[in-house]
Each structure stands twice: as structure tokens, then as C-alpha cells.
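Student: What follows is upload39.txt; its format and atoms are compact mmCIF, C-alpha atoms.
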# COMPACT_ATOMS: atom_id res chain seq x y z
CA PRO A 46 -57.17 -0.25 -20.98
CA THR A 47 -58.74 2.90 -19.61
CA GLU A 48 -58.93 6.29 -21.33
CA GLY A 49 -58.79 5.86 -25.09
CA GLY A 50 -60.38 2.45 -24.90
CA ILE A 51 -59.46 -0.92 -26.24
CA ALA A 52 -57.78 0.60 -29.31
CA THR A 53 -55.39 2.70 -27.23
CA GLY A 54 -54.68 -0.27 -24.95
CA LEU A 55 -53.86 -2.46 -27.94
CA HIS A 56 -51.58 0.20 -29.44
CA GLU A 57 -49.81 0.56 -26.08
CA LEU A 58 -49.42 -3.22 -25.75
CA ALA A 59 -47.99 -3.54 -29.27
CA HIS A 60 -45.60 -0.63 -28.75
CA ALA A 61 -44.35 -1.92 -25.39
CA ALA A 62 -43.79 -5.42 -26.76
CA GLY A 63 -42.32 -4.31 -30.08
CA VAL A 64 -44.86 -6.29 -32.10
CA GLY A 65 -47.67 -5.83 -34.59
CA LEU A 66 -51.23 -7.00 -34.00
CA GLU A 67 -54.09 -8.22 -36.14
CA ILE A 68 -57.38 -7.66 -34.32
CA PHE A 69 -60.56 -9.32 -35.58
CA SER A 70 -63.40 -6.80 -35.53
CA ASP A 71 -66.10 -9.44 -35.12
CA ARG A 72 -64.44 -10.89 -32.00
CA LEU A 73 -64.44 -7.67 -29.98
CA PRO A 74 -66.96 -8.27 -27.18
CA PHE A 75 -68.81 -4.97 -27.00
CA HIS A 76 -72.05 -5.06 -25.05
CA PRO A 77 -75.05 -4.63 -27.38
CA HIS A 78 -76.29 -1.64 -25.34
CA CYS A 79 -72.88 0.01 -25.71
CA GLU A 80 -72.97 -0.46 -29.48
CA LYS A 81 -76.49 0.96 -29.69
CA ILE A 82 -75.63 4.02 -27.58
CA CYS A 83 -72.43 4.60 -29.58
CA ARG A 84 -74.37 4.54 -32.85
CA ALA A 85 -76.92 7.01 -31.47
CA LEU A 86 -74.22 9.38 -30.19
CA ASN A 87 -71.77 8.90 -33.08
CA LEU A 88 -69.05 7.44 -30.84
CA ASN A 89 -66.63 4.67 -31.74
CA PRO A 90 -66.68 1.97 -29.05
CA LEU A 91 -63.02 1.20 -29.80
CA GLY A 92 -62.09 4.57 -28.28
CA LEU A 93 -64.39 4.60 -25.23
CA ILE A 94 -62.99 4.39 -21.73
CA ALA A 95 -62.58 0.70 -20.95
CA SER A 96 -62.00 0.60 -17.21
CA GLY A 97 -62.51 -2.88 -15.84
CA SER A 98 -61.22 -4.52 -19.01
CA LEU A 99 -58.03 -6.54 -19.17
CA LEU A 100 -55.90 -7.24 -22.22
CA LEU A 101 -53.80 -10.37 -22.10
CA ALA A 102 -51.17 -11.55 -24.55
CA VAL A 103 -50.85 -15.32 -24.21
CA ALA A 104 -49.20 -18.18 -26.05
CA PRO A 105 -51.52 -19.31 -28.86
CA ALA A 106 -51.50 -22.89 -27.57
CA ARG A 107 -52.93 -21.74 -24.23
CA THR A 108 -55.65 -19.42 -25.53
CA THR A 109 -58.54 -21.90 -25.38
CA GLU A 110 -57.53 -23.03 -21.89
CA ILE A 111 -57.28 -19.48 -20.54
CA VAL A 112 -60.58 -18.35 -22.10
CA ALA A 113 -62.30 -21.43 -20.62
CA ALA A 114 -60.79 -20.85 -17.18
CA LEU A 115 -61.94 -17.22 -17.13
CA ASP A 116 -65.42 -18.15 -18.36
CA ALA A 117 -65.62 -20.86 -15.66
CA VAL A 118 -65.33 -18.20 -12.96
CA GLY A 119 -67.79 -15.83 -14.63
CA VAL A 120 -65.32 -13.56 -16.40
CA HIS A 121 -66.33 -13.15 -20.04
CA SER A 122 -63.32 -13.28 -22.31
CA ALA A 123 -62.54 -13.62 -25.99
CA ALA A 124 -59.52 -14.21 -28.19
CA ILE A 125 -59.57 -11.06 -30.32
CA GLY A 126 -56.42 -11.21 -32.37
CA THR A 127 -52.94 -12.44 -33.07
CA VAL A 128 -49.43 -11.11 -32.64
CA LYS A 129 -47.60 -10.25 -35.85
CA PRO A 130 -44.18 -8.82 -36.71
CA VAL A 131 -43.88 -5.13 -35.89
CA SER A 132 -43.67 -4.42 -39.63
CA ALA A 133 -47.31 -5.61 -39.99
CA GLY A 134 -48.52 -2.70 -37.87
CA VAL A 135 -51.60 -2.75 -35.68
CA MET A 136 -54.45 -3.72 -37.96
CA LEU A 137 -58.19 -4.26 -37.66
CA ARG A 138 -59.46 -7.13 -39.82
CA TYR A 139 -63.10 -7.28 -40.88
CA PRO A 140 -65.08 -10.46 -41.66
CA ASP A 141 -64.92 -9.68 -45.39
CA GLY A 142 -61.09 -9.84 -45.21
CA ARG A 143 -60.58 -6.09 -45.44
CA ARG A 144 -57.78 -4.79 -43.20
CA GLU A 145 -57.33 -1.24 -41.93
CA PRO A 146 -55.05 0.32 -39.35
CA LEU A 147 -56.61 0.14 -35.89
CA PRO A 148 -57.78 3.69 -35.17
CA VAL A 149 -55.80 5.86 -32.79
CA PHE A 150 -57.76 7.99 -30.35
CA PRO A 151 -55.81 11.04 -29.16
CA ARG A 152 -58.59 11.56 -26.60
CA ASP A 153 -61.33 9.38 -25.24
CA GLU A 154 -64.45 9.21 -27.41
CA ILE A 155 -66.67 10.05 -24.42
CA THR A 156 -65.23 13.59 -24.38
CA LYS A 157 -67.12 14.33 -27.61
CA LEU A 158 -70.25 14.54 -25.47
CA PHE A 159 -68.85 17.54 -23.59
CA GLU A 160 -68.03 19.70 -26.60
Show the structure stored in the file as C-alpha cells.

Tutor:
Amino acid sequence: PTEGGIATGLHELAHAAGVGLEIFSDRLPFHPHCEKICRALNLNPLGLIASGSLLLAVAPARTTEIVAALDAVGVHSAAIGTVKPVSAGVMLRYPDGRREPLPVFPRDEITKLFE
């Protein structure tokens, strides 16, 4: 994912694969400094440029193995969601069980700083 952030990357992945997604908000690995800066500047980290990130869709049975292998070589990774039928849409699930459509960012959040 690049411009439009993780949210745009997830929407693109779902669209290309013809699937829905359920993304767990509390599993998204945003750096604490990023979250603090986003709060101060009223930016949503889901829509920030995410260069250097990689989204993988893997078989559920291999998730733990792949996360461990990446971590073993110093690449932080996290299982952030599950694939669902396309009819489920692309949803963001909160720890309290609430589900909302994953936001769509028609432009990168960082551009708000240049208005």
C-alpha cells in the first residue's frame, strides 16, 4: 500500500480478489508516534501513505508460521483480518464487536496538511 494507506490497499486487495474482508482495528500495527501525530493533526492513520508496508493474503493455517518467520528476520508483522464473502463488504471490527465499513480515502490523508 502506498498513497491512500492501508485502507486503500485493503480495498484494492479485496476488489482484485473478489472477496470481502473483516479487519480487526486493534490488530493494526500503527507506530505509537504515528498515532500521536495523527491525533494532533486530525489525520486518520488508515489513510496515510504506507510506503514500505506489505499486505499479504495467506491461508489461515499458515498465518502463525508466516508471522513467526517474518518476525525471526526482524520484519514486524501481524495478522489483521480475515477473508469473507464479497457480500460481507470490507469491514472494520472494533474490540467491542461494533463493525463499520472500512473508510475509503479518495486522497491521501497527508494532503490535508497542504490545504

Student: Please list as a PyMOL selection string every residue within 6 Å of range 136-146 of chain A, counting all atoms listed in the file and excluding residues in the same chain fewer than 4 positions away.

Tutor: chain A and resi 67-70

Student: Which neighbours of Ala102 in chain A fall inside 9 Å, counting only C-alpha atoms, when residues of the same chain fewer than 6 positions from it are skipped, and could you give them as a JSON list (two decimals) with C-alpha atoms, keeping the file's coordinate frame?

Tutor:
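Wrote result-v1.json, looks like this:
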[["chain", "number", "residue", "atom", "x", "y", "z"],
["A", 58, "LEU", "CA", -49.42, -3.22, -25.75],
["A", 127, "THR", "CA", -52.94, -12.44, -33.07],
["A", 128, "VAL", "CA", -49.43, -11.11, -32.64]]

Student: Just checking: using all atoms listed in the file, which residue out of A:Leu115, A:Ala52, A:Cys83, A:Leu66 ends up closest to Ala95 in chain A?

Tutor: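 Among the listed residues, the smallest separation from Ala95 in chain A belongs to A:Ala52.
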
Student: For Ala123 in chain A, which residue out of A:Ser96, A:Leu158, A:Asp153, A:Pro74 is the nearest one, using all atoms listed in the file?

Tutor: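 The shortest atom-to-atom distance to Ala123 in chain A comes from A:Pro74.
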
Student: Show which residues sit within 10 Å of Ala59 in chain A, as a PyMOL selection string. Count all atoms listed in the file, and ignore same-chain residues fewer than 2 positions away.

Tutor: chain A and resi 53-57+61-66+102+128-131+134-135

Student: CA of Phe150 in chain A and CA of Leu86 in chain A are how many Å apart?

Tutor: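 Interatomic distance here is 16.5 Å.
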
Student: In terms of the shortest atom-to-atom distance over all atoms listed in the file, which of A:Ala104, A:Leu91, A:Ala117, A:Ala133 is closest to Pro148 in chain A?

Tutor: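 Among the listed residues, the smallest separation from Pro148 in chain A belongs to A:Leu91.
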